[in-house]
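To start, the structure itself, in structure tokens.
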Amino acid sequence: MQSTTKSWIYALLYLTLITISLYLIQVWILSDALMVSYHRITSKKHPNLPLRFNSDGNFKILQVADMHFGTGITRCRDVLSSEFQWCSDLNTTLFLKRMIEAEKPDFIAFTGDNIFGSSTNDAAESLFKAFGPAMDSRLPWAAVLGNHDQESTMNRQELMSFISLMDYSLSQPNPPTKDPSDPTKQVVKTDIDGFGNYDLSVWGAPGSHLANQTILNLFFLDSGDRAVVNGIRTYGWIKESQLSWLRDVSKGHNKQENHQSQDITMVPTPPPALAFFHIPIPEIRYGPFRQIVGEYHENVACSFVNSGVLQTFVSMGDVKAVFIGHDHLNDFCGNLDGIWFCYGGGFGYHGYGKAGVSRRARVILAELKKGKNEWMGVETIKTWKRIDDDKLTKIDEQILWTST
Ligand SMILES: *[C@@H]1O[C@H](CO)[C@@H](O)[C@H](O)[C@H]1NC(C)=O
Ligand SMILES: *[C@@H]1O[C@H](CO)[C@@H](O)[C@H](O)[C@H]1NC(C)=O
């Protein structure tokens, strides 16, 4: 009897010792490794939301058009022969880092052909490298697709889902909509063409009476890749389903409420909006432009299908300026029916360009009106570009819109 009790006590002590040892091994040795890899796999880092104007009354966007990123070491195209040997995708990375450092934007908008599918055999790796500087900067950013992004291991739907899960990304595969079977739930809208149609709202300056209201909207649209119409090959275009969604969003903004208070402050007119997509609309090819600022060095490559994007924007009334990519040698802003359409200009070194002509990026600055004691709504929208030379020279500054 006594010896049984003894062996029970020994067994218990033994068990306690083993438990303590296992616990210590777990805490001291394994947990760090386990926790770190767990976080890496499962959690996306989120930027501070909502997007809002700074206390200095500004909201600055860096537009990056056509990075055409390959593997990270793919060679540059169309640079001088003296530059060729030491030039790769890493120059695109460096340019992006320098632009972020120089302009300190509040947000980065990538307008497609972010990766050059045909130059990489791993879309995920290419995306991580291409958007790396944006993620490292911890700035909120968003992207749409061009016509080349899907040319490797991911289709357009997979690309947008993947991009939406990257750190600090505000990109969405498509806009949210009410679940028909349960109206209290939101699901991704499926009855819309393309992937990467969404709207981001920017709220007023902290402390102002517009602090909890949207005072600037950013529309992102998928302009597709390629298509065959009546046996003829052409580029993609923005479809009626997308325009109809956009009209609804814009109408909704027209009677928006103060987001966080009982007091329903109607905003009299929809706040100004900016639109971002990749492929130019046909009117950019055929004009007539009222005015042009910047370089117009190649034919506009667009679809021959005109789905009425310009007409839609004109009738909505809130879109003041549109930012596109696709034609790397065009970096101009041209005014069509009172709306400015601006190219970003080729950014990436692995995309085509012109030897001796610097790669470039566009900056967009929205400035608020100063009231008696506080910031009001958007007063001015300006833009300029910087070229990738030693000084990141600033060029072609212009005003795109003023509220009065
Ligand atoms: C690319 O980057 C390398 C290394 O920083 C630099 O030496 C070279 O001049 C850059 N080339 C171009 C065309 O900017
Ligand atoms: C905005 O929302 C914050 C947080 O809910 C609140 O403290 C603040 O008073 C609101 N400001 C206005 C102008 O409604």
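Every chain in the structure tokens takes a letter, A first, then B, and so on in the order presented; its residues are numbered from 1, and the ligands are numbered from 1 following the presented order.
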
Could you give me the residues within segment 71-307 of chain A that DSSP places in strand (DSSP E), as a ChimeraX atom specification? /A:107-111,141-144,176-179,182-188,198-203,214-220,226-229,232-235,273-276,292-293

Within 12 Å of Arg233 of chain A, counting only C-alpha atoms, which residues qualify if same-chain residues fewer than 3 places away don't, as an mmCIF file with N, CA and C atoms, in the first residue's frame?
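File written: result_19.cif
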data_model
loop_
_atom_site.group_PDB
_atom_site.id
_atom_site.type_symbol
_atom_site.label_atom_id
_atom_site.label_comp_id
_atom_site.auth_asym_id
_atom_site.auth_seq_id
_atom_site.Cartn_x
_atom_site.Cartn_y
_atom_site.Cartn_z
ATOM 1 N N ASP A 225 -7.855 43.657 -70.771
ATOM 2 C CA ASP A 225 -6.580 43.425 -71.452
ATOM 3 C C ASP A 225 -6.748 43.485 -72.962
ATOM 4 N N ARG A 226 -7.066 42.334 -73.552
ATOM 5 C CA ARG A 226 -7.262 42.345 -75.001
ATOM 6 C C ARG A 226 -8.606 41.737 -75.319
ATOM 7 N N ALA A 227 -9.081 41.951 -76.532
ATOM 8 C CA ALA A 227 -10.377 41.407 -76.932
ATOM 9 C C ALA A 227 -10.382 41.248 -78.448
ATOM 10 N N VAL A 228 -11.277 40.405 -78.919
ATOM 11 C CA VAL A 228 -11.479 40.274 -80.366
ATOM 12 C C VAL A 228 -12.929 40.668 -80.633
ATOM 13 N N VAL A 229 -13.119 41.669 -81.464
ATOM 14 C CA VAL A 229 -14.469 42.147 -81.776
ATOM 15 C C VAL A 229 -14.680 42.023 -83.275
ATOM 16 N N ASN A 230 -15.700 41.269 -83.676
ATOM 17 C CA ASN A 230 -15.961 41.012 -85.100
ATOM 18 C C ASN A 230 -14.712 40.525 -85.820
ATOM 19 N N GLY A 236 -8.853 45.947 -74.436
ATOM 20 C CA GLY A 236 -10.040 45.913 -73.582
ATOM 21 C C GLY A 236 -10.609 47.315 -73.373
ATOM 22 N N CYS A 302 -5.623 52.165 -77.881
ATOM 23 C CA CYS A 302 -6.848 51.962 -77.092
ATOM 24 C C CYS A 302 -7.765 51.032 -77.858
ATOM 25 N N SER A 303 -8.914 50.715 -77.277
ATOM 26 C CA SER A 303 -9.879 49.865 -77.963
ATOM 27 C C SER A 303 -10.604 50.690 -79.016
ATOM 28 N N PHE A 304 -11.056 50.018 -80.077
ATOM 29 C CA PHE A 304 -11.895 50.777 -81.016
ATOM 30 C C PHE A 304 -13.362 50.795 -80.582
ATOM 31 N N VAL A 305 -13.649 50.091 -79.467
ATOM 32 C CA VAL A 305 -15.009 50.132 -78.922
ATOM 33 C C VAL A 305 -15.111 51.342 -77.992
#

Given a cut-off of 10 Å, what residues near ligand 1 show up using only C-alpha atoms and all ligand atoms, put as a CSV table (one decimal) with N, CA and C atoms, in the first residue's frame?
chain,number,residue,atom,x,y,z
A,76,CYS,N,17.1,46.1,-68.4
A,76,CYS,CA,16.3,47.3,-68.9
A,76,CYS,C,16.1,47.3,-70.4
A,77,ARG,N,15.0,47.9,-70.8
A,77,ARG,CA,14.8,48.0,-72.3
A,77,ARG,C,15.0,49.5,-72.6
A,78,ASP,N,15.4,49.8,-73.8
A,78,ASP,CA,15.5,51.2,-74.3
A,78,ASP,C,16.2,52.1,-73.3
A,79,VAL,N,17.4,51.7,-73.0
A,79,VAL,CA,18.3,52.7,-72.3
A,79,VAL,C,19.5,52.9,-73.1
A,80,LEU,N,20.3,53.9,-72.9
A,80,LEU,CA,21.5,54.1,-73.7
A,80,LEU,C,22.5,52.9,-73.6
A,81,SER,N,23.2,52.5,-74.6
A,81,SER,CA,24.1,51.3,-74.5
A,81,SER,C,25.1,51.5,-73.3
A,82,SER,N,25.5,52.7,-73.0
A,82,SER,CA,26.4,52.9,-71.9
A,82,SER,C,25.7,52.6,-70.5
A,83,GLU,N,24.4,52.6,-70.5
A,83,GLU,CA,23.6,52.4,-69.3
A,83,GLU,C,23.2,50.9,-69.1
A,84,PHE,N,23.2,50.2,-70.3
A,84,PHE,CA,22.6,48.9,-70.3
A,84,PHE,C,23.2,47.9,-69.3
A,85,GLN,N,24.5,47.9,-69.2
A,85,GLN,CA,25.1,46.8,-68.4
A,85,GLN,C,24.7,46.8,-66.9
A,86,TRP,N,24.5,48.0,-66.4
A,86,TRP,CA,24.2,48.1,-64.9
A,86,TRP,C,22.7,48.5,-64.7
A,87,CYS,N,21.9,48.0,-65.6
A,87,CYS,CA,20.5,48.4,-65.4
A,87,CYS,C,19.5,47.2,-65.4
A,88,SER,N,18.6,47.2,-64.4
A,88,SER,CA,17.7,46.1,-64.3
A,88,SER,C,16.4,46.6,-63.6
A,89,ASP,N,15.5,45.7,-63.3
A,89,ASP,CA,14.3,46.0,-62.5
A,89,ASP,C,14.6,46.7,-61.2
A,90,LEU,N,15.8,46.5,-60.7
A,90,LEU,CA,16.2,47.1,-59.4
A,90,LEU,C,16.3,48.6,-59.6
A,91,ASN,N,16.5,49.1,-60.8
A,91,ASN,CA,16.4,50.5,-61.0
A,91,ASN,C,15.0,51.1,-60.8
A,92,THR,N,14.0,50.2,-61.2
A,92,THR,CA,12.6,50.6,-61.0
A,92,THR,C,12.3,50.7,-59.5
A,93,THR,N,12.8,49.7,-58.8
A,93,THR,CA,12.7,49.7,-57.3
A,93,THR,C,13.3,50.9,-56.7
A,94,LEU,N,14.5,51.2,-57.1
A,94,LEU,CA,15.2,52.4,-56.6
A,94,LEU,C,14.5,53.7,-56.9
A,95,PHE,N,14.0,53.8,-58.1
A,95,PHE,CA,13.2,55.0,-58.5
A,95,PHE,C,12.0,55.1,-57.6
A,349,TYR,N,11.8,50.3,-65.8
A,349,TYR,CA,12.9,50.2,-66.7
A,349,TYR,C,12.8,48.9,-67.6
A,355,ALA,N,15.5,55.4,-75.4
A,355,ALA,CA,16.8,55.6,-74.9
A,355,ALA,C,17.1,57.0,-74.8
A,356,GLY,N,17.7,57.5,-73.6
A,356,GLY,CA,18.0,58.9,-73.5
A,356,GLY,C,16.9,59.7,-72.9
A,357,VAL,N,15.7,59.1,-72.8
A,357,VAL,CA,14.5,59.8,-72.2
A,357,VAL,C,14.3,59.2,-70.8
A,358,SER,N,14.3,60.0,-69.8
A,358,SER,CA,14.2,59.5,-68.4
A,358,SER,C,12.8,58.9,-68.1
A,359,ARG,N,12.8,57.8,-67.3
A,359,ARG,CA,11.5,57.3,-66.8
A,359,ARG,C,10.9,58.3,-65.9
A,388,ASP,N,13.4,60.6,-63.6
A,388,ASP,CA,14.4,59.8,-62.8
A,388,ASP,C,15.8,60.3,-63.2
A,389,ASP,N,16.1,61.5,-62.9
A,389,ASP,CA,17.5,62.0,-63.0
A,389,ASP,C,18.1,62.1,-61.6
A,390,ASP,N,19.3,62.7,-61.5
A,390,ASP,CA,20.0,62.8,-60.2
A,390,ASP,C,19.1,63.6,-59.2

Determine which residues of segment 38-272 of chain A DSSP labels as alpha helix (DSSP H) from the backbone of this structure, then write them out as a ChimeraX atom specification. /A:38-42,81-84,89-103,123-130,132-137,156-164,240-254

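Near Glu103 of chain A, within 10 Å and counting only C-alpha atoms, sit A:Lys60, A:Ile61, A:Leu62, A:Arg98, A:Met99, A:Ile100, A:Glu101, A:Pro105, A:Asp106, A:Val363, A:Arg386, not including residues fewer than 2 positions from it in the same chain.
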
Taking only C-alpha atoms into account, name the residue in A:Gly224, A:Gly371, A:Gly231, A:Pro140 that is nearest to Tyr168 of chain A.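 That would be A:Pro140, the residue with the smallest distance to Tyr168 of chain A.
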
All residues 10 Å or closer to Leu200 of chain A, only C-alpha atoms, same chain fewer than 4 positions away omitted, as a ChimeraX atom specification: /A:50-51,142,170-172,175,214,216-220,273

If you keep N, CA and C atoms, can you produce a file of those selected residues as a JSON list (two decimals), in the first residue's frame?
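That gives us result_20.json:
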[["chain", "number", "residue", "atom", "x", "y", "z"],
["A", 50, "PRO", "N", -9.90, 55.82, -41.71],
["A", 50, "PRO", "CA", -10.04, 56.09, -43.14],
["A", 50, "PRO", "C", -8.87, 56.90, -43.70],
["A", 51, "LEU", "N", -8.78, 56.88, -45.03],
["A", 51, "LEU", "CA", -7.86, 57.81, -45.68],
["A", 51, "LEU", "C", -8.39, 59.20, -45.34],
["A", 142, "ALA", "N", -2.90, 51.36, -53.65],
["A", 142, "ALA", "CA", -3.90, 50.56, -54.36],
["A", 142, "ALA", "C", -3.46, 50.41, -55.80],
["A", 170, "LEU", "N", -4.99, 48.76, -50.28],
["A", 170, "LEU", "CA", -6.43, 49.04, -50.19],
["A", 170, "LEU", "C", -7.15, 48.58, -51.45],
["A", 171, "SER", "N", -6.43, 47.84, -52.29],
["A", 171, "SER", "CA", -7.01, 47.32, -53.53],
["A", 171, "SER", "C", -8.12, 46.33, -53.19],
["A", 172, "GLN", "N", -9.11, 46.25, -54.05],
["A", 172, "GLN", "CA", -10.21, 45.30, -53.84],
["A", 172, "GLN", "C", -10.46, 44.52, -55.12],
["A", 175, "PRO", "N", -16.13, 45.72, -55.89],
["A", 175, "PRO", "CA", -16.76, 46.42, -54.77],
["A", 175, "PRO", "C", -17.63, 45.49, -53.93],
["A", 214, "THR", "N", -16.75, 62.11, -46.37],
["A", 214, "THR", "CA", -15.95, 61.94, -47.56],
["A", 214, "THR", "C", -15.93, 63.25, -48.33],
["A", 216, "LEU", "N", -13.39, 63.59, -50.90],
["A", 216, "LEU", "CA", -12.73, 63.27, -52.17],
["A", 216, "LEU", "C", -12.90, 61.77, -52.40],
["A", 217, "ASN", "N", -13.28, 61.39, -53.62],
["A", 217, "ASN", "CA", -13.42, 59.97, -53.93],
["A", 217, "ASN", "C", -12.37, 59.54, -54.96],
["A", 218, "LEU", "N", -11.90, 58.33, -54.79],
["A", 218, "LEU", "CA", -10.94, 57.78, -55.74],
["A", 218, "LEU", "C", -11.60, 56.54, -56.35],
["A", 219, "PHE", "N", -11.83, 56.59, -57.66],
["A", 219, "PHE", "CA", -12.46, 55.47, -58.37],
["A", 219, "PHE", "C", -11.39, 54.66, -59.10],
["A", 220, "PHE", "N", -11.46, 53.36, -58.95],
["A", 220, "PHE", "CA", -10.52, 52.47, -59.65],
["A", 220, "PHE", "C", -11.32, 51.56, -60.57],
["A", 273, "ALA", "N", -14.06, 63.81, -57.51],
["A", 273, "ALA", "CA", -13.51, 62.45, -57.58],
["A", 273, "ALA", "C", -12.40, 62.41, -58.62]]

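Relative to atom CA of Gly252 of chain A, atom CA of Leu210 of chain A is found at 17.6 Å.
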
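Between atom CA of Ile324 of chain A and atom CA of Tyr343 of chain A lies a distance of 4.9 Å.
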
With only C-alpha atoms and all ligand atoms as the basis for distance, which of A:Gly204, A:Gly196, A:Pro183, A:Pro280 is at the shortest distance from ligand 2? A:Gly204

Option closest in space to Gln242 of chain A, from A:Leu221, A:Leu400, A:Ala366, A:Met166 [counting only C-alpha atoms]: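 Checking each candidate against Gln242 of chain A, we get A:Leu221 as the closest.
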
Between A:Leu165, A:Ile20, A:Ala102, A:Ile364, single out the one closest to Ala124 of chain A, counting only C-alpha atoms. A:Leu165

For segment 86-183 of chain A versus segment 311-323 of chain A, which residues have an atom no more than 12 Å away, and what is each residue's nearest atom pair and distance in Å rounded to one decimal, using only C-alpha atoms, chain-then-number order, as a tab-separated table?
residue	atom	partner	partner_atom	distance
A:Ala109	CA	A:Phe323	CA	9.3
A:Phe110	CA	A:Phe323	CA	9.9
A:Thr111	CA	A:Phe323	CA	7.7
A:Gly112	CA	A:Phe323	CA	10.9
A:Val144	CA	A:Phe323	CA	11.4

Just-selected residues, C-alpha atoms written as a short mmCIF file (atom, residue, chain, number, x, y, z; two decimals), in the first residue's frame:
data_model
loop_
_atom_site.label_atom_id
_atom_site.label_comp_id
_atom_site.auth_asym_id
_atom_site.auth_seq_id
_atom_site.Cartn_x
_atom_site.Cartn_y
_atom_site.Cartn_z
CA ALA A 109 -1.86 54.54 -57.02
CA PHE A 110 -0.46 51.93 -59.41
CA THR A 111 -2.25 52.17 -62.76
CA GLY A 112 -1.52 48.77 -64.28
CA VAL A 144 -5.48 48.26 -60.93
#

10 Å contact set for Ala123 of chain A, only C-alpha atoms, chain neighbours under 5 positions out, as a ChimeraX atom specification: /A:69-71,115-118,128-129,149-155,158-159,162

Which residue of A:Pro282, A:Pro271, A:Pro206, A:Pro180 approaches ligand 2 most closely, using only C-alpha atoms and all ligand atoms: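 Ranked by minimum distance to ligand 2, first place goes to A:Pro206.
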
Pick the closest to ligand 2 from A:Ala205, A:Ile381, A:Leu246, A:Leu139: which is it, counting only C-alpha atoms and all ligand atoms?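 Using only C-alpha atoms and all ligand atoms, ligand 2 sits closest to A:Ala205.
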
To one decimal in Å, tell me the separation between atom CA of Phe341 of chain A and atom CA of Phe195 of chain A.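 About the pair atom CA of Phe341 of chain A and atom CA of Phe195 of chain A: they are 22.0 Å apart.
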